[in-house]
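Asker: Below is the file coords.cif, which contains mmCIF, C-alpha atoms and all ligand atoms.
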data_entry
loop_
_atom_site.group_PDB
_atom_site.id
_atom_site.type_symbol
_atom_site.label_atom_id
_atom_site.label_comp_id
_atom_site.auth_asym_id
_atom_site.auth_seq_id
_atom_site.Cartn_x
_atom_site.Cartn_y
_atom_site.Cartn_z
ATOM 1 C CA MET Y 1341 32.116 -64.245 23.750
ATOM 2 C CA ARG Y 1342 31.747 -67.689 25.281
ATOM 3 C CA VAL Y 1343 32.229 -67.500 29.018
ATOM 4 C CA ALA Y 1344 32.798 -70.621 31.113
ATOM 5 C CA ALA Y 1345 32.039 -70.314 34.819
ATOM 6 C CA ILE Y 1346 32.479 -72.624 37.787
ATOM 7 C CA GLY Y 1347 32.243 -72.039 41.511
ATOM 8 C CA ASP Y 1348 33.044 -73.976 44.666
ATOM 9 C CA LEU Y 1349 36.139 -75.872 43.583
ATOM 10 C CA HIS Y 1350 37.039 -76.546 47.248
ATOM 11 C CA VAL Y 1351 40.552 -77.781 46.452
ATOM 12 C CA GLN Y 1352 42.011 -79.859 49.296
ATOM 13 C CA GLU Y 1353 45.582 -80.651 50.287
ATOM 14 C CA SER Y 1354 45.178 -84.294 49.306
ATOM 15 C CA ASP Y 1355 44.027 -83.458 45.751
ATOM 16 C CA VAL Y 1356 46.337 -84.287 42.874
ATOM 17 C CA ALA Y 1357 45.908 -82.040 39.815
ATOM 18 C CA PRO Y 1358 42.131 -81.947 40.502
ATOM 19 C CA TYR Y 1359 41.212 -79.486 37.727
ATOM 20 C CA ARG Y 1360 43.987 -79.913 35.186
ATOM 21 C CA GLU Y 1361 42.039 -81.966 32.656
ATOM 22 C CA LEU Y 1362 38.893 -79.918 33.147
ATOM 23 C CA PHE Y 1363 40.701 -76.613 32.588
ATOM 24 C CA THR Y 1364 42.261 -77.986 29.407
ATOM 25 C CA GLU Y 1365 38.802 -79.038 28.203
ATOM 26 C CA ILE Y 1366 37.293 -75.661 29.089
ATOM 27 C CA SER Y 1367 40.091 -73.880 27.229
ATOM 28 C CA SER Y 1368 38.901 -75.490 23.995
ATOM 29 C CA HIS Y 1369 35.221 -74.603 24.555
ATOM 30 C CA ALA Y 1370 35.327 -71.057 25.935
ATOM 31 C CA ASP Y 1371 37.081 -67.713 25.522
ATOM 32 C CA VAL Y 1372 37.262 -66.831 29.225
ATOM 33 C CA LEU Y 1373 37.051 -68.860 32.454
ATOM 34 C CA LEU Y 1374 35.415 -67.376 35.567
ATOM 35 C CA LEU Y 1375 36.027 -68.906 39.008
ATOM 36 C CA CYS Y 1376 33.285 -67.994 41.494
ATOM 37 C CA GLY Y 1377 34.914 -68.488 44.877
ATOM 38 C CA ASP Y 1378 35.498 -71.250 47.425
ATOM 39 C CA LEU Y 1379 38.497 -72.048 45.289
ATOM 40 C CA THR Y 1380 40.154 -73.743 48.275
ATOM 41 C CA ASN Y 1381 38.542 -75.712 51.086
ATOM 42 C CA PHE Y 1382 40.172 -73.901 54.035
ATOM 43 C CA GLY Y 1383 42.117 -71.028 52.484
ATOM 44 C CA LYS Y 1384 45.434 -72.843 53.011
ATOM 45 C CA THR Y 1385 48.411 -71.797 50.894
ATOM 46 C CA SER Y 1386 49.071 -75.472 50.095
ATOM 47 C CA GLU Y 1387 45.555 -75.759 48.617
ATOM 48 C CA ALA Y 1388 46.011 -72.573 46.598
ATOM 49 C CA GLU Y 1389 49.303 -73.875 45.242
ATOM 50 C CA ILE Y 1390 47.603 -77.048 43.983
ATOM 51 C CA LEU Y 1391 44.956 -74.983 42.169
ATOM 52 C CA ALA Y 1392 47.588 -72.564 40.865
ATOM 53 C CA GLU Y 1393 49.355 -75.438 39.117
ATOM 54 C CA ASP Y 1394 46.107 -76.402 37.372
ATOM 55 C CA ILE Y 1395 45.349 -72.813 36.392
ATOM 56 C CA LYS Y 1396 48.621 -72.831 34.474
ATOM 57 C CA SER Y 1397 47.113 -75.465 32.163
ATOM 58 C CA CYS Y 1398 44.461 -72.950 31.049
ATOM 59 C CA THR Y 1399 45.173 -71.348 27.696
ATOM 60 C CA ILE Y 1400 42.359 -68.780 28.054
ATOM 61 C CA PRO Y 1401 42.194 -65.862 30.524
ATOM 62 C CA VAL Y 1402 41.137 -66.886 34.056
ATOM 63 C CA LEU Y 1403 39.334 -64.360 36.255
ATOM 64 C CA GLY Y 1404 37.497 -64.790 39.510
ATOM 65 C CA VAL Y 1405 36.748 -63.963 43.106
ATOM 66 C CA LEU Y 1406 37.423 -65.626 46.446
ATOM 67 C CA GLY Y 1407 34.722 -67.263 48.563
ATOM 68 C CA ASN Y 1408 34.178 -67.531 52.316
ATOM 69 C CA HIS Y 1409 36.162 -70.782 52.465
ATOM 70 C CA ASP Y 1410 39.205 -68.962 51.069
ATOM 71 C CA TYR Y 1411 39.109 -66.754 54.201
ATOM 72 C CA GLU Y 1412 39.009 -69.599 56.737
ATOM 73 C CA CYS Y 1413 42.762 -69.555 57.533
ATOM 74 C CA GLY Y 1414 42.795 -65.759 57.806
ATOM 75 C CA GLN Y 1415 45.187 -65.223 54.900
ATOM 76 C CA PRO Y 1416 43.071 -64.459 51.824
ATOM 77 C CA GLU Y 1417 45.757 -62.088 50.518
ATOM 78 C CA LYS Y 1418 48.228 -65.006 50.399
ATOM 79 C CA VAL Y 1419 45.699 -67.136 48.499
ATOM 80 C CA CYS Y 1420 45.229 -64.237 46.053
ATOM 81 C CA GLU Y 1421 48.950 -63.832 45.613
ATOM 82 C CA ILE Y 1422 49.473 -67.519 44.765
ATOM 83 C CA LEU Y 1423 46.588 -67.576 42.265
ATOM 84 C CA HIS Y 1424 47.695 -64.275 40.757
ATOM 85 C CA GLY Y 1425 51.159 -65.768 40.353
ATOM 86 C CA ALA Y 1426 49.609 -68.499 38.188
ATOM 87 C CA GLY Y 1427 48.026 -65.890 35.921
ATOM 88 C CA MET Y 1428 44.555 -65.583 37.437
ATOM 89 C CA VAL Y 1429 43.027 -62.098 37.668
ATOM 90 C CA VAL Y 1430 41.476 -61.840 41.135
ATOM 91 C CA LEU Y 1431 38.650 -59.319 40.771
ATOM 92 C CA ASP Y 1432 38.040 -56.959 43.693
ATOM 93 C CA GLU Y 1433 37.321 -53.260 43.212
ATOM 94 C CA GLN Y 1434 39.264 -53.203 39.950
ATOM 95 C CA ALA Y 1435 37.299 -54.234 36.866
ATOM 96 C CA HIS Y 1436 38.920 -55.982 33.913
ATOM 97 C CA GLU Y 1437 38.253 -55.869 30.181
ATOM 98 C CA ILE Y 1438 38.750 -58.625 27.608
ATOM 99 C CA ASP Y 1439 37.929 -58.140 23.910
ATOM 100 C CA GLY Y 1440 35.362 -55.444 24.637
ATOM 101 C CA VAL Y 1441 33.616 -57.311 27.462
ATOM 102 C CA GLY Y 1442 33.920 -56.023 31.021
ATOM 103 C CA PHE Y 1443 34.274 -58.155 34.141
ATOM 104 C CA ALA Y 1444 33.662 -56.814 37.635
ATOM 105 C CA GLY Y 1445 33.598 -58.950 40.741
ATOM 106 C CA VAL Y 1446 33.610 -59.130 44.504
ATOM 107 C CA LYS Y 1447 33.123 -61.939 46.982
ATOM 108 C CA GLY Y 1448 29.948 -60.328 48.242
ATOM 109 C CA PHE Y 1449 28.450 -61.032 51.642
ATOM 110 C CA LEU Y 1450 25.378 -62.409 53.350
ATOM 111 C CA GLY Y 1451 22.444 -60.594 54.903
ATOM 112 C CA GLY Y 1452 19.291 -61.902 53.300
ATOM 113 C CA PHE Y 1453 16.468 -60.909 50.997
ATOM 114 C CA GLY Y 1454 13.139 -59.111 51.224
ATOM 115 C CA ARG Y 1455 11.570 -59.401 54.654
ATOM 116 C CA GLY Y 1456 14.495 -61.567 55.760
ATOM 117 C CA GLU Y 1457 17.066 -58.843 55.162
ATOM 118 C CA LEU Y 1458 19.009 -57.789 58.246
ATOM 119 C CA ALA Y 1459 18.753 -54.028 58.905
ATOM 120 C CA PRO Y 1460 21.531 -51.874 60.445
ATOM 121 C CA PHE Y 1461 19.694 -51.281 63.701
ATOM 122 C CA GLY Y 1462 20.604 -51.625 67.386
ATOM 123 C CA GLU Y 1463 23.837 -53.212 68.553
ATOM 124 C CA PRO Y 1464 27.130 -52.098 66.982
ATOM 125 C CA ILE Y 1465 27.914 -55.655 65.892
ATOM 126 C CA ILE Y 1466 24.688 -55.800 63.848
ATOM 127 C CA LYS Y 1467 25.598 -52.498 62.203
ATOM 128 C CA ALA Y 1468 29.119 -53.773 61.475
ATOM 129 C CA PHE Y 1469 27.684 -56.907 59.905
ATOM 130 C CA VAL Y 1470 25.324 -54.966 57.642
ATOM 131 C CA ASP Y 1471 28.138 -52.524 56.880
ATOM 132 C CA GLU Y 1472 30.180 -55.392 55.449
ATOM 133 C CA ALA Y 1473 27.357 -56.283 53.040
ATOM 134 C CA MET Y 1474 27.030 -52.638 52.024
ATOM 135 C CA LYS Y 1475 30.773 -52.346 51.554
ATOM 136 C CA GLU Y 1476 30.849 -55.306 49.158
ATOM 137 C CA ALA Y 1477 27.913 -53.871 47.174
ATOM 138 C CA ARG Y 1478 29.678 -50.505 47.015
ATOM 139 C CA LYS Y 1479 32.899 -52.103 45.761
ATOM 140 C CA LEU Y 1480 30.920 -53.858 43.025
ATOM 141 C CA GLU Y 1481 29.233 -50.597 42.095
ATOM 142 C CA ASN Y 1482 32.567 -48.770 41.902
ATOM 143 C CA ALA Y 1483 34.070 -51.467 39.694
ATOM 144 C CA LEU Y 1484 31.030 -51.516 37.392
ATOM 145 C CA ARG Y 1485 31.105 -47.733 37.125
ATOM 146 C CA THR Y 1486 34.632 -47.749 35.700
ATOM 147 C CA LEU Y 1487 33.628 -49.992 32.790
ATOM 148 C CA ARG Y 1488 33.046 -48.370 29.395
ATOM 149 C CA THR Y 1489 32.135 -51.595 27.622
ATOM 150 C CA GLU Y 1490 28.693 -52.276 26.117
ATOM 151 C CA ARG Y 1491 28.566 -55.675 27.792
ATOM 152 C CA SER Y 1492 29.796 -56.822 31.151
ATOM 153 C CA VAL Y 1493 29.563 -59.755 33.533
ATOM 154 C CA ALA Y 1494 29.351 -59.460 37.331
ATOM 155 C CA VAL Y 1495 31.235 -62.181 39.197
ATOM 156 C CA LEU Y 1496 30.298 -63.013 42.798
ATOM 157 C CA HIS Y 1497 30.546 -65.758 45.376
ATOM 158 C CA TYR Y 1498 27.401 -64.932 47.374
ATOM 159 C CA SER Y 1499 24.075 -64.698 45.585
ATOM 160 C CA PRO Y 1500 22.485 -61.315 44.788
ATOM 161 C CA VAL Y 1501 18.999 -62.851 44.409
ATOM 162 C CA PRO Y 1502 16.879 -65.512 46.139
ATOM 163 C CA GLY Y 1503 15.851 -67.163 42.840
ATOM 164 C CA THR Y 1504 19.079 -69.170 42.448
ATOM 165 C CA LEU Y 1505 18.819 -70.420 46.033
ATOM 166 C CA GLU Y 1506 15.693 -72.475 45.444
ATOM 167 C CA GLY Y 1507 16.430 -75.986 46.635
ATOM 168 C CA GLU Y 1508 18.238 -74.750 49.741
ATOM 169 C CA PRO Y 1509 16.333 -74.643 53.058
ATOM 170 C CA THR Y 1510 14.611 -71.234 53.257
ATOM 171 C CA GLU Y 1511 15.910 -70.895 56.851
ATOM 172 C CA ILE Y 1512 19.446 -70.380 55.521
ATOM 173 C CA TYR Y 1513 18.711 -68.022 52.586
ATOM 174 C CA GLN Y 1514 20.051 -65.092 54.613
ATOM 175 C CA TYR Y 1515 23.426 -66.857 54.887
ATOM 176 C CA LEU Y 1516 23.635 -67.489 51.165
ATOM 177 C CA GLY Y 1517 23.539 -63.952 49.825
ATOM 178 C CA SER Y 1518 22.388 -60.380 50.031
ATOM 179 C CA GLN Y 1519 19.908 -58.452 47.935
ATOM 180 C CA ARG Y 1520 22.121 -55.401 48.405
ATOM 181 C CA LEU Y 1521 24.356 -56.930 45.706
ATOM 182 C CA SER Y 1522 21.584 -56.787 43.103
ATOM 183 C CA GLU Y 1523 21.242 -52.989 43.357
ATOM 184 C CA PRO Y 1524 24.504 -52.080 41.528
ATOM 185 C CA ILE Y 1525 23.821 -54.853 38.989
ATOM 186 C CA ASP Y 1526 20.461 -53.376 38.051
ATOM 187 C CA ARG Y 1527 21.867 -49.841 38.028
ATOM 188 C CA PHE Y 1528 24.183 -50.410 35.036
ATOM 189 C CA ASP Y 1529 22.741 -51.309 31.622
ATOM 190 C CA HIS Y 1530 25.979 -52.900 30.483
ATOM 191 C CA VAL Y 1531 25.671 -55.798 32.956
ATOM 192 C CA LYS Y 1532 24.314 -58.656 30.832
ATOM 193 C CA ALA Y 1533 24.857 -61.608 33.163
ATOM 194 C CA VAL Y 1534 25.756 -62.428 36.760
ATOM 195 C CA VAL Y 1535 27.492 -65.567 37.989
ATOM 196 C CA HIS Y 1536 27.858 -66.703 41.598
ATOM 197 C CA GLY Y 1537 28.520 -69.827 43.660
ATOM 198 C CA HIS Y 1538 28.171 -70.695 47.373
ATOM 199 C CA ALA Y 1539 24.678 -72.244 47.230
ATOM 200 C CA HIS Y 1540 25.648 -75.872 46.597
ATOM 201 C CA HIS Y 1541 22.022 -77.045 46.571
ATOM 202 C CA GLY Y 1542 20.460 -74.097 44.760
ATOM 203 C CA THR Y 1543 19.101 -73.535 41.260
ATOM 204 C CA TYR Y 1544 21.024 -72.667 38.089
ATOM 205 C CA GLU Y 1545 18.975 -69.732 36.797
ATOM 206 C CA GLY Y 1546 17.432 -66.724 38.472
ATOM 207 C CA ARG Y 1547 16.722 -63.055 37.749
ATOM 208 C CA THR Y 1548 17.465 -59.710 39.366
ATOM 209 C CA PRO Y 1549 14.490 -57.460 40.215
ATOM 210 C CA LEU Y 1550 14.927 -55.814 36.769
ATOM 211 C CA GLY Y 1551 15.119 -59.167 35.009
ATOM 212 C CA LYS Y 1552 18.842 -59.644 34.411
ATOM 213 C CA PRO Y 1553 19.953 -63.283 34.253
ATOM 214 C CA VAL Y 1554 21.757 -64.643 37.311
ATOM 215 C CA TYR Y 1555 23.476 -68.038 37.192
ATOM 216 C CA ASN Y 1556 24.409 -70.143 40.200
ATOM 217 C CA VAL Y 1557 27.494 -71.928 38.894
ATOM 218 C CA ALA Y 1558 28.371 -73.893 42.028
ATOM 219 C CA GLN Y 1559 29.742 -77.070 40.469
ATOM 220 C CA PHE Y 1560 27.385 -79.208 42.552
ATOM 221 C CA VAL Y 1561 24.407 -77.482 40.896
ATOM 222 C CA LEU Y 1562 25.826 -77.862 37.372
ATOM 223 C CA ARG Y 1563 27.014 -81.474 37.434
ATOM 224 C CA PRO Y 1564 23.575 -83.125 37.610
ATOM 225 C CA LEU Y 1565 22.153 -80.555 35.166
ATOM 226 C CA PHE Y 1566 24.744 -80.570 32.365
ATOM 227 C CA GLY Y 1567 26.871 -83.640 33.087
ATOM 228 C CA ARG Y 1568 29.830 -81.267 33.495
ATOM 229 C CA PRO Y 1569 30.790 -79.018 36.403
ATOM 230 C CA TYR Y 1570 30.910 -75.724 34.507
ATOM 231 C CA ALA Y 1571 28.429 -73.419 32.779
ATOM 232 C CA LEU Y 1572 28.838 -71.958 29.290
ATOM 233 C CA ILE Y 1573 27.250 -68.539 28.845
ATOM 234 C CA GLU Y 1574 27.174 -66.395 25.695
ATOM 235 C CA VAL Y 1575 27.748 -62.728 26.407
HETATM 236 FE FE FE G 1 31.232 -73.678 48.572
HETATM 237 FE FE FE G 2 30.861 -70.466 50.003
#
Take the structure from the file and write it as C-alpha cells.
Answerer:
Amino acid sequence: MRVAAIGDLHVQESDVAPYRELFTEISSHADVLLLCGDLTNFGKTSEAEILAEDIKSCTIPVLGVLGNHDYECGQPEKVCEILHGAGMVVLDEQAHEIDGVGFAGVKGFLGGFGRGELAPFGEPIIKAFVDEAMKEARKLENALRTLRTERSVAVLHYSPVPGTLEGEPTEIYQYLGSQRLSEPIDRFDHVKAVVHGHAHHGTYEGRTPLGKPVYNVAQFVLRPLFGRPYALIEV
C-alpha cells in the first residue's frame, strides 16, 4: 500500500481552495492519505469548512488526527464534525482498517524525552499535565490493540521520538512530543511505520527505541526535501 502523509496544513480563513490541486495529485499517486494534525490555523469552523471542501476532491480514503492548533478555539469536536462530514476519518481511540492495513491515531501530547521528560511529581497541575500525556499514549495503545492486521501505521501530531526533532532548538524538544507515545508503538509488532507533524523545523526520518521508522511529515520539513509537501511511504 502506498500511503501519502502530510501534516501542518494550517488552513486559514483567507485561503481559497488551498489543497484542492494537491489532493487531486495525491489521489493519483497513493492509496490512502493521512493528515497529521494542525489542519486548521486556529481551530475555527470557517477554516475547517475550507479544508473540508478540498478533502472532497480526494478520491482515496482520507484519515488523520487533529493537532494543537485545531484546539485553539476550544471547539475541536466541531472541527472533527466538519471534516468527518467531508468524508475524513478522524482517528481517536477507534482504529480503522483499509485493505488489510490498520491505522491507529491520536493527537498525542508533549512532555519530553529521556532526562528531559517531565515526571508526575509534586503539584497537582504537574500531575494533570503528565496524566494528559499518559492518557494519549493509553488511547493509542487501546486502538493498536484492537487491530488484527499484519501491518499498521500509527498516526500522530506530536512526536514519539527525539530523532525527528533534530533541527529544532533542543530547549523546546519537550514541547514537541513525548516518549510515552513510543511505548505502545514498540509494544505491537504490526506497527510498521509512524507519521507525525508539529515539528516544522525537524528532520524527516527517525526511529523508535526498538528501531521502527518514524516520519516527521510536517509539510515544511518535506517541501525542501522532496519538492512536494507530502511524503509517500510503502507499507
Ligand atoms: Fe503546526
Ligand atoms: Fe502543532
Asker: Name the residues captured by the PyMOL selection byres (((chain Y and resi 1364) around 12) and not hetatm) when it is applied to the shown file; answer as a list in words.
Answerer: Ala1357, Pro1358, Tyr1359, Arg1360, Glu1361, Leu1362, Phe1363, Glu1365, Ile1366, Ser1367, Ser1368, His1369, Ala1370, Leu1373, Asp1394, Ile1395, Lys1396, Ser1397, Cys1398, Thr1399 and Ile1400 of chain Y
Asker: Could you expand the PyMOL selection byres (((not hetatm)) within 7 of (chain G and resi 1)) into the explicit residues it covers here, written as a ChimeraX atom specification?
Answerer: /Y:1348,1350,1378,1409,1537-1540
Asker: I'd like to see the residues matched by the PyMOL selection byres (((chain Y and resi 1410-1427) around 10) and not hetatm) on this file, and ideally I'd get them as JSON, numbers by chain.
Answerer: {"Y": [1350, 1377, 1378, 1379, 1380, 1381, 1382, 1383, 1384, 1385, 1386, 1387, 1388, 1389, 1390, 1391, 1392, 1393, 1394, 1395, 1396, 1397, 1398, 1401, 1402, 1403, 1404, 1405, 1406, 1407, 1408, 1409, 1428, 1429, 1430, 1431]}
Asker: Could you write out the selected residues, including C-alpha atoms, as a short mmCIF file (atom, residue, chain, number, x, y, z; two decimals), keeping the file's coordinate frame?
Answerer:
data_model
loop_
_atom_site.label_atom_id
_atom_site.label_comp_id
_atom_site.auth_asym_id
_atom_site.auth_seq_id
_atom_site.Cartn_x
_atom_site.Cartn_y
_atom_site.Cartn_z
CA HIS Y 1350 37.04 -76.55 47.25
CA GLY Y 1377 34.91 -68.49 44.88
CA ASP Y 1378 35.50 -71.25 47.42
CA LEU Y 1379 38.50 -72.05 45.29
CA THR Y 1380 40.15 -73.74 48.28
CA ASN Y 1381 38.54 -75.71 51.09
CA PHE Y 1382 40.17 -73.90 54.04
CA GLY Y 1383 42.12 -71.03 52.48
CA LYS Y 1384 45.43 -72.84 53.01
CA THR Y 1385 48.41 -71.80 50.89
CA SER Y 1386 49.07 -75.47 50.10
CA GLU Y 1387 45.56 -75.76 48.62
CA ALA Y 1388 46.01 -72.57 46.60
CA GLU Y 1389 49.30 -73.88 45.24
CA ILE Y 1390 47.60 -77.05 43.98
CA LEU Y 1391 44.96 -74.98 42.17
CA ALA Y 1392 47.59 -72.56 40.86
CA GLU Y 1393 49.36 -75.44 39.12
CA ASP Y 1394 46.11 -76.40 37.37
CA ILE Y 1395 45.35 -72.81 36.39
CA LYS Y 1396 48.62 -72.83 34.47
CA SER Y 1397 47.11 -75.46 32.16
CA CYS Y 1398 44.46 -72.95 31.05
CA PRO Y 1401 42.19 -65.86 30.52
CA VAL Y 1402 41.14 -66.89 34.06
CA LEU Y 1403 39.33 -64.36 36.26
CA GLY Y 1404 37.50 -64.79 39.51
CA VAL Y 1405 36.75 -63.96 43.11
CA LEU Y 1406 37.42 -65.63 46.45
CA GLY Y 1407 34.72 -67.26 48.56
CA ASN Y 1408 34.18 -67.53 52.32
CA HIS Y 1409 36.16 -70.78 52.46
CA MET Y 1428 44.56 -65.58 37.44
CA VAL Y 1429 43.03 -62.10 37.67
CA VAL Y 1430 41.48 -61.84 41.14
CA LEU Y 1431 38.65 -59.32 40.77
#
Asker: As JSON, numbers by chain, please: the residues near range 1543-1550 of chain Y (cut-off 10 Å, all atoms listed in the file, same-chain neighbours under 5 positions excluded).
Answerer: {"Y": [1499, 1500, 1501, 1502, 1503, 1504, 1505, 1506, 1507, 1508, 1519, 1521, 1522, 1523, 1525, 1526, 1527, 1533, 1534, 1535, 1536, 1537, 1555, 1556, 1557, 1558, 1561, 1562, 1565, 1571]}
Asker: Using only C-alpha atoms, determine which residues lie at most 12 Å from Gly1451 in chain Y, disregarding the query and same-chain residues fewer than 6 positions distant; provide the list as a PDB file with C-alpha atoms, in the frame of the given file.
Answerer:
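The result, stored in around.pdb:
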ATOM      1  CA  GLU Y1457      17.066 -58.843  55.162  1.00  0.00           C
ATOM      2  CA  LEU Y1458      19.009 -57.789  58.246  1.00  0.00           C
ATOM      3  CA  ALA Y1459      18.753 -54.028  58.905  1.00  0.00           C
ATOM      4  CA  PRO Y1460      21.531 -51.874  60.445  1.00  0.00           C
ATOM      5  CA  ILE Y1466      24.688 -55.800  63.848  1.00  0.00           C
ATOM      6  CA  LYS Y1467      25.598 -52.498  62.203  1.00  0.00           C
ATOM      7  CA  ALA Y1468      29.119 -53.773  61.475  1.00  0.00           C
ATOM      8  CA  PHE Y1469      27.684 -56.907  59.905  1.00  0.00           C
ATOM      9  CA  VAL Y1470      25.324 -54.966  57.642  1.00  0.00           C
ATOM     10  CA  ASP Y1471      28.138 -52.524  56.880  1.00  0.00           C
ATOM     11  CA  GLU Y1472      30.180 -55.392  55.449  1.00  0.00           C
ATOM     12  CA  ALA Y1473      27.357 -56.283  53.040  1.00  0.00           C
ATOM     13  CA  MET Y1474      27.030 -52.638  52.024  1.00  0.00           C
ATOM     14  CA  GLU Y1476      30.849 -55.306  49.158  1.00  0.00           C
ATOM     15  CA  ALA Y1477      27.913 -53.871  47.174  1.00  0.00           C
ATOM     16  CA  TYR Y1498      27.401 -64.932  47.374  1.00  0.00           C
ATOM     17  CA  SER Y1499      24.075 -64.698  45.585  1.00  0.00           C
ATOM     18  CA  PRO Y1500      22.485 -61.315  44.788  1.00  0.00           C
ATOM     19  CA  VAL Y1501      18.999 -62.851  44.409  1.00  0.00           C
ATOM     20  CA  PRO Y1502      16.879 -65.512  46.139  1.00  0.00           C
ATOM     21  CA  ILE Y1512      19.446 -70.380  55.521  1.00  0.00           C
ATOM     22  CA  TYR Y1513      18.711 -68.022  52.586  1.00  0.00           C
ATOM     23  CA  GLN Y1514      20.051 -65.092  54.613  1.00  0.00           C
ATOM     24  CA  TYR Y1515      23.426 -66.857  54.887  1.00  0.00           C
ATOM     25  CA  LEU Y1516      23.635 -67.489  51.165  1.00  0.00           C
ATOM     26  CA  GLY Y1517      23.539 -63.952  49.825  1.00  0.00           C
ATOM     27  CA  SER Y1518      22.388 -60.380  50.031  1.00  0.00           C
ATOM     28  CA  GLN Y1519      19.908 -58.452  47.935  1.00  0.00           C
ATOM     29  CA  ARG Y1520      22.121 -55.401  48.405  1.00  0.00           C
ATOM     30  CA  LEU Y1521      24.356 -56.930  45.706  1.00  0.00           C
TER      31      LEU Y1521
END
Asker: Near Leu1480 in chain Y, counting all atoms listed in the file, which residues have an atom at most 7 Å away, once you skip same-chain residues fewer than 6 positions from it, shown as a ChimeraX atom specification?
Answerer: /Y:1433,1444-1446,1524
Asker: Quick one: distance from CA of Leu1484 in chain Y to CA of Ala1435 in chain Y in Å, one decimal?
Answerer: 6.9 Å
Asker: Counting only C-alpha atoms, what is within 8 Å of Val1575 in chain Y, bar same-chain residues fewer than 3 positions away, as a list in words?
Answerer: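 What passes the distance filter is Met1341, Arg1342, Val1343, Arg1491, Ser1492, Val1493, Lys1532 and Ala1533 of chain Y.
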Asker: Those selected residues, please, written with C-alpha atoms and delivered as a PDB file, in the frame of the given file.
Answerer:
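New file selection22.pdb:
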ATOM      1  CA  MET Y1341      32.116 -64.245  23.750  1.00  0.00           C
ATOM      2  CA  ARG Y1342      31.747 -67.689  25.281  1.00  0.00           C
ATOM      3  CA  VAL Y1343      32.229 -67.500  29.018  1.00  0.00           C
ATOM      4  CA  ARG Y1491      28.566 -55.675  27.792  1.00  0.00           C
ATOM      5  CA  SER Y1492      29.796 -56.822  31.151  1.00  0.00           C
ATOM      6  CA  VAL Y1493      29.563 -59.755  33.533  1.00  0.00           C
ATOM      7  CA  LYS Y1532      24.314 -58.656  30.832  1.00  0.00           C
ATOM      8  CA  ALA Y1533      24.857 -61.608  33.163  1.00  0.00           C
TER       9      ALA Y1533
END
Asker: Please measure the separation of CA of Leu1374 in chain Y and CA of Gly1347 in chain Y, giving the value in Å to one decimal.
Answerer: 8.2 Å
Asker: Ranking Y:Ala1345, Y:Pro1464, Y:Leu1572, Y:Val1495 by minimum distance to Gln1559 in chain Y and counting all atoms listed in the file, which one comes first?
Answerer: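 Among the listed residues, Y:Ala1345 lies closest to Gln1559 in chain Y.
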Asker: For Pro1564 in chain Y, which residue among Y:Pro1509, Y:Gly1462, Y:Gly1456, Y:Gly1542 is the nearest when counting all atoms listed in the file?
Answerer: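 With all atoms listed in the file as the atom set, the closest residue is Y:Gly1542.
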Asker: Determine the nearest neighbour of ligand FE 2 (chain G) from the options Y:Phe1566, Y:Asp1439, Y:Leu1496, Y:Gly1452, counting all atoms listed in the file.
Answerer: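 For ligand FE 2 (chain G), the nearest of the candidates is Y:Leu1496.
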Asker: Between Y:Lys1447, Y:Arg1568, Y:Arg1485, Y:Arg1478, which one has atoms that come closest to His1530 in chain Y, using only C-alpha atoms?
Answerer: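 For His1530 in chain Y, the nearest of the candidates is Y:Arg1485.
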Asker: Counting only C-alpha atoms and all ligand atoms, which of Y:His1497, Y:Phe1461, Y:Ile1346, Y:Gln1434 gets nearest to ligand FE 2 (chain G)?
Answerer: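 Closest residue, counting only C-alpha atoms and all ligand atoms: Y:His1497.
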Asker: If I take CA of Arg1563 in chain Y and CA of Ala1344 in chain Y, how far is one from the other in Å, to one decimal?
Answerer: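 CA of Ala1344 in chain Y lies at a distance of 13.8 Å from CA of Arg1563 in chain Y.
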Asker: What box, with edges along x, y and z, holds each listed atom of range 1428-1433 of chain Y when 3 Å is added on every side, and can you state its centre and edge lengths in Å to one decimal, as JSON?
Answerer:
{"center_x": 40.9, "center_y": -59.4, "center_z": 40.6, "size_x": 13.2, "size_y": 18.3, "size_z": 12.3}
Asker: Go through Y:His1436, Y:Glu1463, Y:Gly1448, Y:Val1441 one by one, measure the shortest atom-to-atom distance of each to Ala1483 in chain Y using only C-alpha atoms, and give the residue with the smallest value.
Answerer: Y:His1436
Asker: Kindly write range 1422-1430 of chain Y with N, CA and C atoms to a file, as an mmCIF file, in the first residue's frame.
Answerer:
data_model
loop_
_atom_site.group_PDB
_atom_site.id
_atom_site.type_symbol
_atom_site.label_atom_id
_atom_site.label_comp_id
_atom_site.auth_asym_id
_atom_site.auth_seq_id
_atom_site.Cartn_x
_atom_site.Cartn_y
_atom_site.Cartn_z
ATOM 1 N N ILE Y 1422 -17.006 18.705 11.037
ATOM 2 C CA ILE Y 1422 -16.976 19.277 9.685
ATOM 3 C C ILE Y 1422 -16.110 18.411 8.769
ATOM 4 N N LEU Y 1423 -14.952 17.979 9.276
ATOM 5 C CA LEU Y 1423 -14.045 17.167 8.449
ATOM 6 C C LEU Y 1423 -14.644 15.785 8.202
ATOM 7 N N HIS Y 1424 -15.284 15.248 9.232
ATOM 8 C CA HIS Y 1424 -15.955 13.951 9.094
ATOM 9 C C HIS Y 1424 -17.058 14.042 8.038
ATOM 10 N N GLY Y 1425 -17.740 15.169 8.030
ATOM 11 C CA GLY Y 1425 -18.812 15.392 7.056
ATOM 12 C C GLY Y 1425 -18.303 15.376 5.617
ATOM 13 N N ALA Y 1426 -17.015 15.684 5.450
ATOM 14 C CA ALA Y 1426 -16.411 15.695 4.109
ATOM 15 C C ALA Y 1426 -15.832 14.321 3.757
ATOM 16 N N GLY Y 1427 -15.953 13.381 4.680
ATOM 17 C CA GLY Y 1427 -15.503 12.015 4.389
ATOM 18 C C GLY Y 1427 -14.218 11.603 5.075
ATOM 19 N N MET Y 1428 -13.616 12.526 5.848
ATOM 20 C CA MET Y 1428 -12.369 12.173 6.532
ATOM 21 C C MET Y 1428 -12.665 11.319 7.771
ATOM 22 N N VAL Y 1429 -11.841 10.294 7.994
ATOM 23 C CA VAL Y 1429 -11.923 9.502 9.215
ATOM 24 C C VAL Y 1429 -10.991 10.139 10.237
ATOM 25 N N VAL Y 1430 -11.568 10.720 11.292
ATOM 26 C CA VAL Y 1430 -10.733 11.319 12.341
ATOM 27 C C VAL Y 1430 -10.425 10.230 13.369
#
